[in-house]
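Here the structure comes first, spelled out in C-alpha cells, and everything after it is commentary.
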Amino acid sequence: MSGGPPKALPSTGPQSLRDMPHPLAGSSSEEAVGGDSTPSPDLLTARSFGDKDLILPNGGTPAGTASPASSSSLLNRLQLDDDMDGETRDLFVTVDDPKKHVCTMETYITYRITTKSTRVEFDLPEYSVRRRYQDFDWLRNKLEESQPTHLIPPLPEKFVVKGVVDRFSEEFVETRRKALDKFLKRITDHPVLSFNEHFNVFLTAKDLNAHKKQGMALLTRVGESVKHVAGGYKLRNRPLEFAAIGEYLDTFALKLGTIDRIAQRIIKEEIEYLVELREYGPVYSTWSALEAELAEPLEGVSACIGNCSTALEELTDDMTEDFLPVLREYILYSDSMKSVLKKRDQVQAEYEAKLEAVALRKEERPKVPADVEKCQDRMECFNADLKADMERWQNNKRQDFRQLLMGMADKNIQYYEKCLMAWESIIPLLQEKQEAK
Amino acid sequence: MNFLHMTENNFSLKKIEISVSEAEKRTGRNAMNMQETYTAYLIETRSVEHSDGQSVLTDSLWRRYSEFELLRNYLLVYYPHIVVPPLPEKRAEFVWHKLSADNMDPDFVERRRIGLENFLLRVASHPILCRDKIFYLFLTQEGNWKETVNETGFQLKADSRLKALNATFRVKNPDKRFIELKHYSDELQSVISHLLRVRARVADRLYGVYKVHGNYGRVFSEWSAIEKEMGDGLQSAGHHMDVYASSIDDILEDEEHYADQLKEYLFYAEALRAVCRKHELTQYDLETAAQDLAAKKQQCEELATGTVRTFSLKGMTTKLFGQETPEQREARIKMLEEQIKEGEQQLKSKNLEGREFVKNAWADIERFKEQKNHDLKEALISYAVMQISMCKKGIQVWTNAKECFSKM
C-alpha cells in the first residue's frame with residue numbers, strides 16, 4: 001500500500017445541502033465534481049489504486065439482469081457504467097455467498113458482505129462479514145431513525161406470503177440476495193447515508209449483536225429533534241412541488257401495480273400454455289410408433305416441441321425470479337418515499353403552527369423566537385434533502401426500469417431464438433428422402 | 001390447380017383444371033317445403049389446350065355440400081376396392097374458442113371451399129375414379145344430376161351396415177394384411193383425433209398469452225404520461241406490445257390450414273376401414289358359399305350311399321312316415337347334383353372375385369400409402385415453416401421493444 005491516506009471527498013454530512021450542488025443529481029454530476037473542487041493528485045492516485053482491486057463496479061449489478069453469460073446482458077452492464085461516468089467512487093459493497101446455518105433453535109441464511117473502501121471512516125481498506133436478514137432490518141431501522149429526512153431504500157419483504165414458498169430454496173435465496181445487494185448499493189450511492197455510522201458498523205463489525213445491544217447511541221442533532229415531533233400537526237397546504245411529487249408517486253404506484261398484475265397474468269397464461277405443450281409433443285411420438293416412413297419426421301417434431309417447452313419453462317422461471325420481485329420492490333420504494341413526504345409535511349406543519357402561535361401573541365416587537373427559527377431550519381433542511389433524494393430516486397428509477405424492461409425483452413428474445421433453432425434444425429430431417437426399403 | 005387427364009365416353013383425352021372458386025349463401029325450400037339457408041359452391045372446369053397452354057372455361061355450375069356427399073356415396077358403392085377421398089367435415093369440430101363452430105361462419109365456409117376443391121382434385125387425379133361418368137356429369141351437368149345418380153340404383157347395391165357387421169364378426173380367414181390395415185386405421189384415427197384436440201387447446205392458450213401482452217400497450221401509454229425522459233421510450237415500446245398482441249390472429253389462421261391437412265387424413269382412416277370391411281364381406285361371402293357347397297356335397301353323398309350321418313329333416317320324416325321311393329330319391333340326387341355344379345361355378349367365380357378384389361384393393365392401398373407419406377411430410381414441413389415464421393416475428397417485435405426501452 002503505497003502513498004499516505006488519501007484525502008476523502010468533501011463530506012456532505014448533516015450540513016445544509018442548499019449551498020452545494022448535489023454531486024449525484026442527474027446530468028449535472030460531471031459539472032459538480034469537476035467544477036467545485038479539483039480532485040487532488042493524491043486522490044487521483046488513490047482512486048486508480050482502488051480500481052485495480054475491483055471485482056465489480058459500484059452499482060454495476062442491478063438485480064434485474066440476466067445471467068452474465070448472455071452478451072446482451074453484458075451490454076446492459078456496460079451501458080450502466082457509461083451513465084455513471086463522471087462519478088468518483090471510493091466505496092464498494094457486494095452481497096454474495098449465501099450459506100445455510102442450522103442451529104438448535106433455528107435455521108437461517110447468512111450472506112457475505114464484502115466492503116472495499118478508501119474512505120477515512122474505514123480503518124481497513126477491505127472488510128468481509130456475514131449478515132442475516134434481521135441484521136439488514138436492524139440497519140434499515142437505524143437509518144430511518146438517524147436520517148429521517150432521507151429516503152431509505154426498502155428491503156425485500158420479510159415474510160413470504162404467497163403460496164408455499166420454500167425459504168431455503170435456491171431461487172428464493174438468490175432473489176433475496178439480489179435485493180439485499182441492491183439495498184446496500186443504494187445506500188452506498190447515497191452521499192449522506194453512506195457516511196452513516198450505523199452503516200459503517202454494519203459493514204465492519206465482527207460482532208454486530210454486541211453493537212445492537214449498545215442501544216440508541218449517537219443520534220445526530222437533526223435526527224433527535226425531528227424524532228420528537230409527534231403527530232398532531234395538520235398541514236394545510238402542501239407546497240406545489242411536493243404535491244406534484246406526491247401525485248406522481250401515487251400514479252406511479254398505481255401503474256406499477258397494473259404492470260405487476262399483467263406480468264403475473266402473462267406468466268399464468270404461459271404456464272397453462274406449457275401444460276398443453278407438454279401433452280401435445282408426446283402425441284407425435286405416439287403417432288410415430290404407428291408409421292414406417294413417417295416415423296423419424298414425427299419423432300423429430302415431438303422432440304422439437306419438447307425443446308420449445310423447455311425454453312418456455314426457462315422463460316417463466318426467469319420472469320418469476322427476476323422480473324416480478326424487482327417490480328414489487330419498486331412499489332415498496334415509492335411507498336417509502338411517500339412516507340418521507342408525510343414526515344416532511346409534519347415538520348412544515350409544526351413550523352407553521354409555531355409561527356402562527358407567535359403571530360397570535362401580539363407583541364409590540366414581534367421577534368422570531370429561537371425555537372421557531374430552529375423549526376424553519378429543520379423544515380428547509382428537510383425540503384432540500386427530500387428534493388435531492390427525489391431527484392436521485394428518479395434517476396435510479398429510470399436506470400433500473402430501463403434495465404428491467406430490457407431484461408424482459410431479452411428473455412423473450414432468447415426464448416424465441418431457442419425455439420427458432422429447434423424448428424430450423426428439424427427442417428432438413430423432414431425433407432430427407434427415405435432410402436428405399 | 002392441377003392438370004388432369006380425363007376421358008369421357010372414350011372420347012379424346014382432355015387435360016382439365018378444376019377449381020371451387022366461390023361460395024354463396026342461398027335460401028331455398030327444402031323437401032318439406034320449409035325455408036332453409038345453405039351455401040352453394042361454384043365449380044369451374046377449364047380445359048387446357050395442348051399447344052399454347054391457355055385454359056378455356058368449359059363448364060361452371062353450382063353445387064351444395066349434400067350433392068358432394070351424394071357423389072361420394074355413389075363412388076363408395078361402385079368402387080369398394082378404392083380408398084375414396086374424404087369430404088371436408090360436415091360440422092366444425094376441434095375448434096378452439098375464438099373460432100366459431102357455426103357452419104355459416106365465413107372462415108369455416110372458406111376453409112370448406114378449399115376442402116371441397118381438394119376433394120375434387122383428389123378424385124380427378126385418381127387413375128380409376130377420374131374415368132367415372134357420374135363424376136364427369138357432376139362437373140358438367142347442373143340440372144338433373146341428382147336424378148341421374150339415383151337412377152343408377154346405387155343405394156340398393158350398397159351393403160347394409162348390419163350385413164357388414166355380421167361379416168366382420170364371423171369371417172374366419174381374412175387376409176392378414178387387411179387385419180393389420182384395419183388395426184392401423186383405428187390407431188391412426190385415434191392418434192390424429194387426440195392430436196387435433198390438444199392442438200386446439202394449445203392454440204387457445206397461445207392466443208391468451210399474446211393477447212394479454214396488449215395490456216402492456218395501454219399501461220405503458222398511461223405511465224408515459226407522467227414521465228419526462230422515460231415517456232417516449234415507454235410509449236413506443238407499448239406500441240410494439242400492441243403489434244405483438246395482434247400478430248397472433250394471422251398466425252393461428254395459418255395454423256388452421258395445417259389442422260385441415262391432418263383432418264383429411266383423419267377422415268381417410270374411415271375410407272381405409274371401408275375397404276377392409278368390403279374385403280371381410282367378400283371373404284365371408286366366399287366362406288359361406290364354400291360351406292354351403294360342402295354341406296350339399298355331404299347330403300348328396302349320404303343320399304347316394306344310403307347312410308345317414310348327418311341329421312336332416314327329410315331323414316327324420318322318412319323314418320317316421322316311411323321311406324321315399326327310389327324315383328323320389330333319384331330326383332333329389334339329381335337336383336342336388338345340379339345345385340352342386342352351380343355352386344362350384346359360383347364358388348370359382350367368387351374365389352376369383354375375392355382374389356381380384358384383394359389384388360386391386362391392395363394396389364390402391366399402396367398408392368394411398370405413398371400419397372399419405374408424401375402429403376403428411378409436406379404438412380409437417382409447412383408446420384415447421386409456420387413456427388419458424390412465428391419465432392422470427394417474435395424476435396423482431398421484442399428486439400424493437402428492447403430498443404425502445406434502451407432509449408428510456
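Just so we're on the same page: first chain in the C-alpha cells is A, next is B, and so on; residues restart at 1 for each chain, and ligands are numbered from 1 in the order they show up.
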**Message:** Near chain B, meaning an atom within 7 Å, which residues of chain A appear when counting only C-alpha atoms? Write them as an NGL selection string.
**Reply:** :A and (248 or 255 or 262 or 266 or 269-270 or 272-273 or 276-277 or 280 or 283 or 287 or 293-294 or 398 or 402 or 405-406 or 409 or 412-413 or 416 or 419-420 or 423-424 or 427 or 430)
Using backbone DSSP assignments, extract all alpha helix (DSSP H) residues from range 72-294 of chain B; output them as a PDB file with C-alpha atoms, in the first residue's frame.
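What ended up in states.pdb:
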ATOM      1  CA  ARG B  72     -69.060 -39.703 -52.653  1.00  0.00           C
ATOM      2  CA  ASN B  73     -71.609 -42.245 -51.505  1.00  0.00           C
ATOM      3  CA  TYR B  74     -72.042 -43.306 -55.094  1.00  0.00           C
ATOM      4  CA  LEU B  75     -68.268 -43.738 -55.506  1.00  0.00           C
ATOM      5  CA  LEU B  76     -68.097 -45.750 -52.294  1.00  0.00           C
ATOM      6  CA  VAL B  77     -70.621 -48.239 -53.634  1.00  0.00           C
ATOM      7  CA  TYR B  78     -69.253 -48.570 -57.144  1.00  0.00           C
ATOM      8  CA  PRO B 106     -67.210 -17.042 -43.324  1.00  0.00           C
ATOM      9  CA  ASP B 107     -63.909 -18.564 -42.192  1.00  0.00           C
ATOM     10  CA  PHE B 108     -65.486 -22.009 -41.936  1.00  0.00           C
ATOM     11  CA  VAL B 109     -67.093 -21.596 -45.371  1.00  0.00           C
ATOM     12  CA  GLU B 110     -63.783 -20.528 -46.847  1.00  0.00           C
ATOM     13  CA  ARG B 111     -61.952 -23.498 -45.420  1.00  0.00           C
ATOM     14  CA  ARG B 112     -64.725 -25.764 -46.590  1.00  0.00           C
ATOM     15  CA  ARG B 113     -64.457 -24.342 -50.095  1.00  0.00           C
ATOM     16  CA  ILE B 114     -60.792 -25.257 -50.126  1.00  0.00           C
ATOM     17  CA  GLY B 115     -61.586 -28.713 -48.753  1.00  0.00           C
ATOM     18  CA  LEU B 116     -64.194 -29.373 -51.434  1.00  0.00           C
ATOM     19  CA  GLU B 117     -61.799 -28.278 -54.133  1.00  0.00           C
ATOM     20  CA  ASN B 118     -59.218 -30.606 -52.669  1.00  0.00           C
ATOM     21  CA  PHE B 119     -61.736 -33.464 -52.766  1.00  0.00           C
ATOM     22  CA  LEU B 120     -62.478 -32.920 -56.444  1.00  0.00           C
ATOM     23  CA  LEU B 121     -58.794 -32.704 -57.265  1.00  0.00           C
ATOM     24  CA  ARG B 122     -58.103 -35.940 -55.419  1.00  0.00           C
ATOM     25  CA  VAL B 123     -60.880 -37.736 -57.338  1.00  0.00           C
ATOM     26  CA  ALA B 124     -59.789 -36.250 -60.651  1.00  0.00           C
ATOM     27  CA  LYS B 133     -69.228 -40.989 -65.802  1.00  0.00           C
ATOM     28  CA  ILE B 134     -71.177 -39.751 -62.811  1.00  0.00           C
ATOM     29  CA  PHE B 135     -68.152 -37.771 -61.663  1.00  0.00           C
ATOM     30  CA  TYR B 136     -67.868 -36.257 -65.122  1.00  0.00           C
ATOM     31  CA  LEU B 137     -71.531 -35.310 -65.065  1.00  0.00           C
ATOM     32  CA  PHE B 138     -71.108 -33.816 -61.593  1.00  0.00           C
ATOM     33  CA  LEU B 139     -68.684 -31.362 -63.113  1.00  0.00           C
ATOM     34  CA  THR B 140     -70.624 -30.680 -66.275  1.00  0.00           C
ATOM     35  CA  TRP B 145     -77.635 -34.720 -61.992  1.00  0.00           C
ATOM     36  CA  LYS B 146     -79.217 -35.888 -58.748  1.00  0.00           C
ATOM     37  CA  GLU B 147     -81.827 -37.866 -60.687  1.00  0.00           C
ATOM     38  CA  THR B 148     -79.143 -39.431 -62.863  1.00  0.00           C
ATOM     39  CA  VAL B 149     -77.207 -40.636 -59.841  1.00  0.00           C
ATOM     40  CA  ASN B 150     -80.286 -42.026 -58.175  1.00  0.00           C
ATOM     41  CA  GLU B 151     -81.227 -43.832 -61.375  1.00  0.00           C
ATOM     42  CA  PHE B 154     -76.563 -47.408 -56.210  1.00  0.00           C
ATOM     43  CA  GLN B 155     -78.368 -47.137 -52.890  1.00  0.00           C
ATOM     44  CA  LEU B 156     -79.817 -50.586 -53.440  1.00  0.00           C
ATOM     45  CA  LYS B 157     -76.450 -52.037 -54.282  1.00  0.00           C
ATOM     46  CA  ARG B 161     -74.436 -51.942 -42.183  1.00  0.00           C
ATOM     47  CA  LEU B 162     -75.841 -54.978 -40.454  1.00  0.00           C
ATOM     48  CA  LYS B 163     -74.570 -57.322 -43.109  1.00  0.00           C
ATOM     49  CA  ALA B 164     -71.127 -55.776 -42.893  1.00  0.00           C
ATOM     50  CA  LEU B 165     -71.062 -56.024 -39.116  1.00  0.00           C
ATOM     51  CA  ASN B 166     -72.137 -59.631 -39.261  1.00  0.00           C
ATOM     52  CA  ALA B 167     -69.337 -60.439 -41.698  1.00  0.00           C
ATOM     53  CA  THR B 168     -66.763 -58.688 -39.537  1.00  0.00           C
ATOM     54  CA  PHE B 169     -67.607 -60.874 -36.604  1.00  0.00           C
ATOM     55  CA  ARG B 170     -67.971 -64.177 -38.364  1.00  0.00           C
ATOM     56  CA  LYS B 176     -53.730 -60.783 -42.769  1.00  0.00           C
ATOM     57  CA  ARG B 177     -52.748 -57.563 -44.425  1.00  0.00           C
ATOM     58  CA  PHE B 178     -56.321 -56.301 -44.129  1.00  0.00           C
ATOM     59  CA  ILE B 179     -56.439 -57.141 -40.449  1.00  0.00           C
ATOM     60  CA  GLU B 180     -53.281 -55.127 -39.937  1.00  0.00           C
ATOM     61  CA  LEU B 181     -54.615 -52.292 -42.066  1.00  0.00           C
ATOM     62  CA  LYS B 182     -57.823 -52.134 -40.076  1.00  0.00           C
ATOM     63  CA  HIS B 183     -55.837 -52.024 -36.880  1.00  0.00           C
ATOM     64  CA  TYR B 184     -53.625 -49.284 -38.297  1.00  0.00           C
ATOM     65  CA  SER B 185     -56.572 -47.180 -39.414  1.00  0.00           C
ATOM     66  CA  ASP B 186     -58.167 -47.447 -35.961  1.00  0.00           C
ATOM     67  CA  GLU B 187     -54.955 -46.301 -34.308  1.00  0.00           C
ATOM     68  CA  LEU B 188     -54.419 -43.553 -36.864  1.00  0.00           C
ATOM     69  CA  GLN B 189     -57.887 -42.199 -36.278  1.00  0.00           C
ATOM     70  CA  SER B 190     -57.372 -42.245 -32.536  1.00  0.00           C
ATOM     71  CA  VAL B 191     -53.981 -40.519 -32.597  1.00  0.00           C
ATOM     72  CA  ILE B 192     -54.956 -37.818 -35.071  1.00  0.00           C
ATOM     73  CA  SER B 193     -58.126 -37.055 -33.091  1.00  0.00           C
ATOM     74  CA  HIS B 194     -56.065 -36.699 -29.964  1.00  0.00           C
ATOM     75  CA  LEU B 195     -53.545 -34.514 -31.774  1.00  0.00           C
ATOM     76  CA  LEU B 196     -56.242 -32.217 -33.148  1.00  0.00           C
ATOM     77  CA  ARG B 197     -57.899 -31.853 -29.755  1.00  0.00           C
ATOM     78  CA  VAL B 198     -54.670 -30.931 -27.987  1.00  0.00           C
ATOM     79  CA  ARG B 199     -53.615 -28.648 -30.817  1.00  0.00           C
ATOM     80  CA  ALA B 200     -56.861 -26.719 -30.418  1.00  0.00           C
ATOM     81  CA  ARG B 201     -56.138 -26.285 -26.706  1.00  0.00           C
ATOM     82  CA  VAL B 202     -52.574 -25.207 -27.448  1.00  0.00           C
ATOM     83  CA  ALA B 203     -53.918 -22.606 -29.887  1.00  0.00           C
ATOM     84  CA  ASP B 204     -56.297 -21.352 -27.230  1.00  0.00           C
ATOM     85  CA  ARG B 205     -53.539 -20.866 -24.686  1.00  0.00           C
ATOM     86  CA  LEU B 206     -51.165 -19.272 -27.139  1.00  0.00           C
ATOM     87  CA  TYR B 207     -53.904 -16.817 -28.049  1.00  0.00           C
ATOM     88  CA  GLY B 208     -54.245 -15.890 -24.393  1.00  0.00           C
ATOM     89  CA  VAL B 209     -50.521 -15.291 -23.936  1.00  0.00           C
ATOM     90  CA  TYR B 210     -50.286 -12.949 -26.906  1.00  0.00           C
ATOM     91  CA  LYS B 211     -53.452 -11.020 -26.146  1.00  0.00           C
ATOM     92  CA  VAL B 212     -52.552 -10.268 -22.521  1.00  0.00           C
ATOM     93  CA  HIS B 213     -49.427  -8.511 -23.755  1.00  0.00           C
ATOM     94  CA  GLY B 214     -51.737  -5.981 -25.354  1.00  0.00           C
ATOM     95  CA  ASN B 215     -52.436  -4.688 -21.851  1.00  0.00           C
ATOM     96  CA  TYR B 216     -48.844  -3.555 -21.623  1.00  0.00           C
ATOM     97  CA  GLY B 217     -49.536  -1.220 -24.532  1.00  0.00           C
ATOM     98  CA  ARG B 218     -52.227   0.574 -22.618  1.00  0.00           C
ATOM     99  CA  VAL B 219     -50.469   0.798 -19.268  1.00  0.00           C
ATOM    100  CA  PHE B 220     -47.173   1.933 -20.818  1.00  0.00           C
ATOM    101  CA  SER B 221     -49.060   4.677 -22.571  1.00  0.00           C
ATOM    102  CA  GLU B 222     -50.700   5.782 -19.330  1.00  0.00           C
ATOM    103  CA  TRP B 223     -47.407   5.611 -17.478  1.00  0.00           C
ATOM    104  CA  SER B 224     -45.537   7.567 -20.117  1.00  0.00           C
ATOM    105  CA  GLY B 231     -42.049   8.818 -21.675  1.00  0.00           C
ATOM    106  CA  ASP B 232     -41.152   8.400 -25.342  1.00  0.00           C
ATOM    107  CA  GLY B 233     -39.407   5.081 -24.924  1.00  0.00           C
ATOM    108  CA  LEU B 234     -42.317   3.670 -22.939  1.00  0.00           C
ATOM    109  CA  GLN B 235     -44.891   4.921 -25.396  1.00  0.00           C
ATOM    110  CA  SER B 236     -43.211   3.424 -28.442  1.00  0.00           C
ATOM    111  CA  ALA B 237     -42.485   0.162 -26.637  1.00  0.00           C
ATOM    112  CA  GLY B 238     -46.170  -0.017 -25.814  1.00  0.00           C
ATOM    113  CA  HIS B 239     -46.961   0.249 -29.494  1.00  0.00           C
ATOM    114  CA  HIS B 240     -44.794  -2.793 -30.185  1.00  0.00           C
ATOM    115  CA  MET B 241     -46.626  -4.717 -27.499  1.00  0.00           C
ATOM    116  CA  ASP B 242     -49.861  -3.961 -29.347  1.00  0.00           C
ATOM    117  CA  VAL B 243     -48.332  -5.221 -32.587  1.00  0.00           C
ATOM    118  CA  TYR B 244     -47.246  -8.382 -30.792  1.00  0.00           C
ATOM    119  CA  ALA B 245     -50.708  -8.968 -29.378  1.00  0.00           C
ATOM    120  CA  SER B 246     -52.456  -8.600 -32.708  1.00  0.00           C
ATOM    121  CA  SER B 247     -49.977 -10.784 -34.610  1.00  0.00           C
ATOM    122  CA  ILE B 248     -51.457 -13.961 -33.155  1.00  0.00           C
ATOM    123  CA  ASP B 249     -54.619 -13.755 -35.251  1.00  0.00           C
ATOM    124  CA  ASP B 250     -52.835 -14.353 -38.539  1.00  0.00           C
ATOM    125  CA  ILE B 251     -50.518 -16.929 -37.023  1.00  0.00           C
ATOM    126  CA  LEU B 252     -53.401 -19.082 -35.814  1.00  0.00           C
ATOM    127  CA  GLU B 253     -55.323 -18.587 -39.045  1.00  0.00           C
ATOM    128  CA  ASP B 254     -52.392 -20.135 -40.883  1.00  0.00           C
ATOM    129  CA  GLU B 255     -52.232 -22.988 -38.423  1.00  0.00           C
ATOM    130  CA  GLU B 256     -55.839 -23.906 -39.217  1.00  0.00           C
ATOM    131  CA  HIS B 257     -54.619 -24.924 -42.652  1.00  0.00           C
ATOM    132  CA  TYR B 258     -52.285 -27.443 -41.014  1.00  0.00           C
ATOM    133  CA  ALA B 259     -55.151 -28.744 -38.900  1.00  0.00           C
ATOM    134  CA  ASP B 260     -57.221 -29.209 -42.067  1.00  0.00           C
ATOM    135  CA  GLN B 261     -54.463 -31.272 -43.642  1.00  0.00           C
ATOM    136  CA  LEU B 262     -54.441 -33.531 -40.588  1.00  0.00           C
ATOM    137  CA  LYS B 263     -58.220 -33.748 -40.634  1.00  0.00           C
ATOM    138  CA  GLU B 264     -58.192 -35.025 -44.203  1.00  0.00           C
ATOM    139  CA  TYR B 265     -56.113 -37.979 -43.107  1.00  0.00           C
ATOM    140  CA  LEU B 266     -58.274 -38.477 -40.068  1.00  0.00           C
ATOM    141  CA  PHE B 267     -61.204 -38.975 -42.438  1.00  0.00           C
ATOM    142  CA  TYR B 268     -59.098 -41.072 -44.800  1.00  0.00           C
ATOM    143  CA  ALA B 269     -58.782 -43.568 -41.932  1.00  0.00           C
ATOM    144  CA  GLU B 270     -62.516 -44.205 -42.285  1.00  0.00           C
ATOM    145  CA  ALA B 271     -62.101 -44.750 -46.043  1.00  0.00           C
ATOM    146  CA  LEU B 272     -59.417 -47.339 -45.333  1.00  0.00           C
ATOM    147  CA  ARG B 273     -61.710 -49.095 -42.913  1.00  0.00           C
ATOM    148  CA  ALA B 274     -64.431 -49.181 -45.584  1.00  0.00           C
ATOM    149  CA  VAL B 275     -62.143 -51.115 -47.917  1.00  0.00           C
ATOM    150  CA  CYS B 276     -61.274 -53.535 -45.125  1.00  0.00           C
ATOM    151  CA  ARG B 277     -64.961 -54.069 -44.405  1.00  0.00           C
ATOM    152  CA  LYS B 278     -65.625 -54.843 -48.044  1.00  0.00           C
ATOM    153  CA  HIS B 279     -62.879 -57.418 -48.022  1.00  0.00           C
ATOM    154  CA  GLU B 280     -64.361 -59.027 -44.923  1.00  0.00           C
ATOM    155  CA  LEU B 281     -67.754 -59.128 -46.613  1.00  0.00           C
ATOM    156  CA  THR B 282     -66.378 -60.658 -49.780  1.00  0.00           C
ATOM    157  CA  GLN B 283     -64.357 -63.155 -47.825  1.00  0.00           C
ATOM    158  CA  TYR B 284     -67.300 -64.067 -45.614  1.00  0.00           C
ATOM    159  CA  ASP B 285     -69.474 -64.483 -48.673  1.00  0.00           C
ATOM    160  CA  LEU B 286     -66.886 -66.824 -50.132  1.00  0.00           C
ATOM    161  CA  GLU B 287     -66.580 -68.813 -46.930  1.00  0.00           C
ATOM    162  CA  THR B 288     -70.356 -69.149 -46.623  1.00  0.00           C
ATOM    163  CA  ALA B 289     -70.652 -70.281 -50.220  1.00  0.00           C
ATOM    164  CA  ALA B 290     -67.900 -72.862 -49.680  1.00  0.00           C
ATOM    165  CA  GLN B 291     -69.617 -74.070 -46.514  1.00  0.00           C
ATOM    166  CA  ASP B 292     -72.952 -74.423 -48.290  1.00  0.00           C
ATOM    167  CA  LEU B 293     -71.355 -76.313 -51.138  1.00  0.00           C
ATOM    168  CA  ALA B 294     -69.617 -78.689 -48.766  1.00  0.00           C
TER     169      ALA B 294
END
**Fill in**
Separating CA of Leu155 in chain A from CA of Arg132 in chain A, to the nearest tenth of an Å, is a gap of 12.5 Å
**Request:** Output as a VMD selection string all residues of range 97-218 of chain A that backbone DSSP marks as strand (DSSP E).
**Result:** chain A and resid 97 to 102 107 to 117 126 to 132
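The space separating CA of Lys350 in chain B from CA of Ile128 in chain B comes to 22.6 Å.
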**Asked** Given the choices A:Asp318, A:Tyr284, A:Lys158, A:Thr115, which gets closest to Ala179 in chain A if the distance is worked out from only C-alpha atoms?
**Response** A:Lys158
Show which residues sit within 12 Å of Leu124 in chain A, as a compact mmCIF listing (two decimals) with N, CA and C atoms, in the first residue's frame. Count only C-alpha atoms, and ignore same-chain residues fewer than 2 positions away.
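Output file around-v2.txt is given in full below:
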# COMPACT_ATOMS: atom_id res chain seq x y z
N MET A 1 0.84 -1.20 0.00
CA MET A 1 0.00 0.00 0.00
C MET A 1 0.87 1.25 0.00
N PRO A 5 -2.57 8.17 3.50
CA PRO A 5 -4.03 8.07 3.47
C PRO A 5 -4.60 9.16 2.54
N THR A 115 -16.73 -5.36 1.63
CA THR A 115 -16.60 -3.90 1.51
C THR A 115 -15.18 -3.53 1.15
N LYS A 116 -15.08 -2.66 0.14
CA LYS A 116 -13.76 -2.12 -0.19
C LYS A 116 -13.89 -0.61 -0.19
N SER A 117 -13.01 0.03 0.53
CA SER A 117 -13.14 1.49 0.59
C SER A 117 -11.81 2.17 0.90
N THR A 118 -11.69 3.38 0.37
CA THR A 118 -10.53 4.20 0.67
C THR A 118 -10.90 5.33 1.61
N ARG A 119 -12.09 5.26 2.11
CA ARG A 119 -12.56 6.35 2.96
C ARG A 119 -11.90 6.32 4.32
N VAL A 120 -11.78 7.49 4.86
CA VAL A 120 -11.15 7.67 6.18
C VAL A 120 -11.96 6.98 7.27
N GLU A 121 -13.26 6.97 7.06
CA GLU A 121 -14.15 6.37 8.06
C GLU A 121 -13.90 4.89 8.26
N PHE A 122 -13.23 4.27 7.31
CA PHE A 122 -12.95 2.84 7.43
C PHE A 122 -11.49 2.63 7.81
N GLU A 126 -10.36 -3.15 3.37
CA GLU A 126 -11.28 -4.21 2.96
C GLU A 126 -11.87 -4.91 4.16
N TYR A 127 -13.15 -5.23 4.05
CA TYR A 127 -13.84 -5.97 5.10
C TYR A 127 -14.66 -7.10 4.51
N SER A 128 -14.81 -8.15 5.29
CA SER A 128 -15.71 -9.22 4.87
C SER A 128 -16.43 -9.73 6.10
N ASN A 200 -21.65 2.01 8.69
CA ASN A 200 -20.26 1.63 8.88
C ASN A 200 -20.15 0.40 9.78
N LEU A 203 -21.18 -2.76 8.13
CA LEU A 203 -20.23 -3.28 7.15
C LEU A 203 -18.97 -3.86 7.78
N THR A 204 -18.66 -3.38 8.98
CA THR A 204 -17.33 -3.70 9.51
C THR A 204 -17.30 -4.52 10.78
N ALA A 205 -18.32 -4.41 11.61
CA ALA A 205 -18.24 -5.03 12.93
C ALA A 205 -18.18 -6.55 12.86
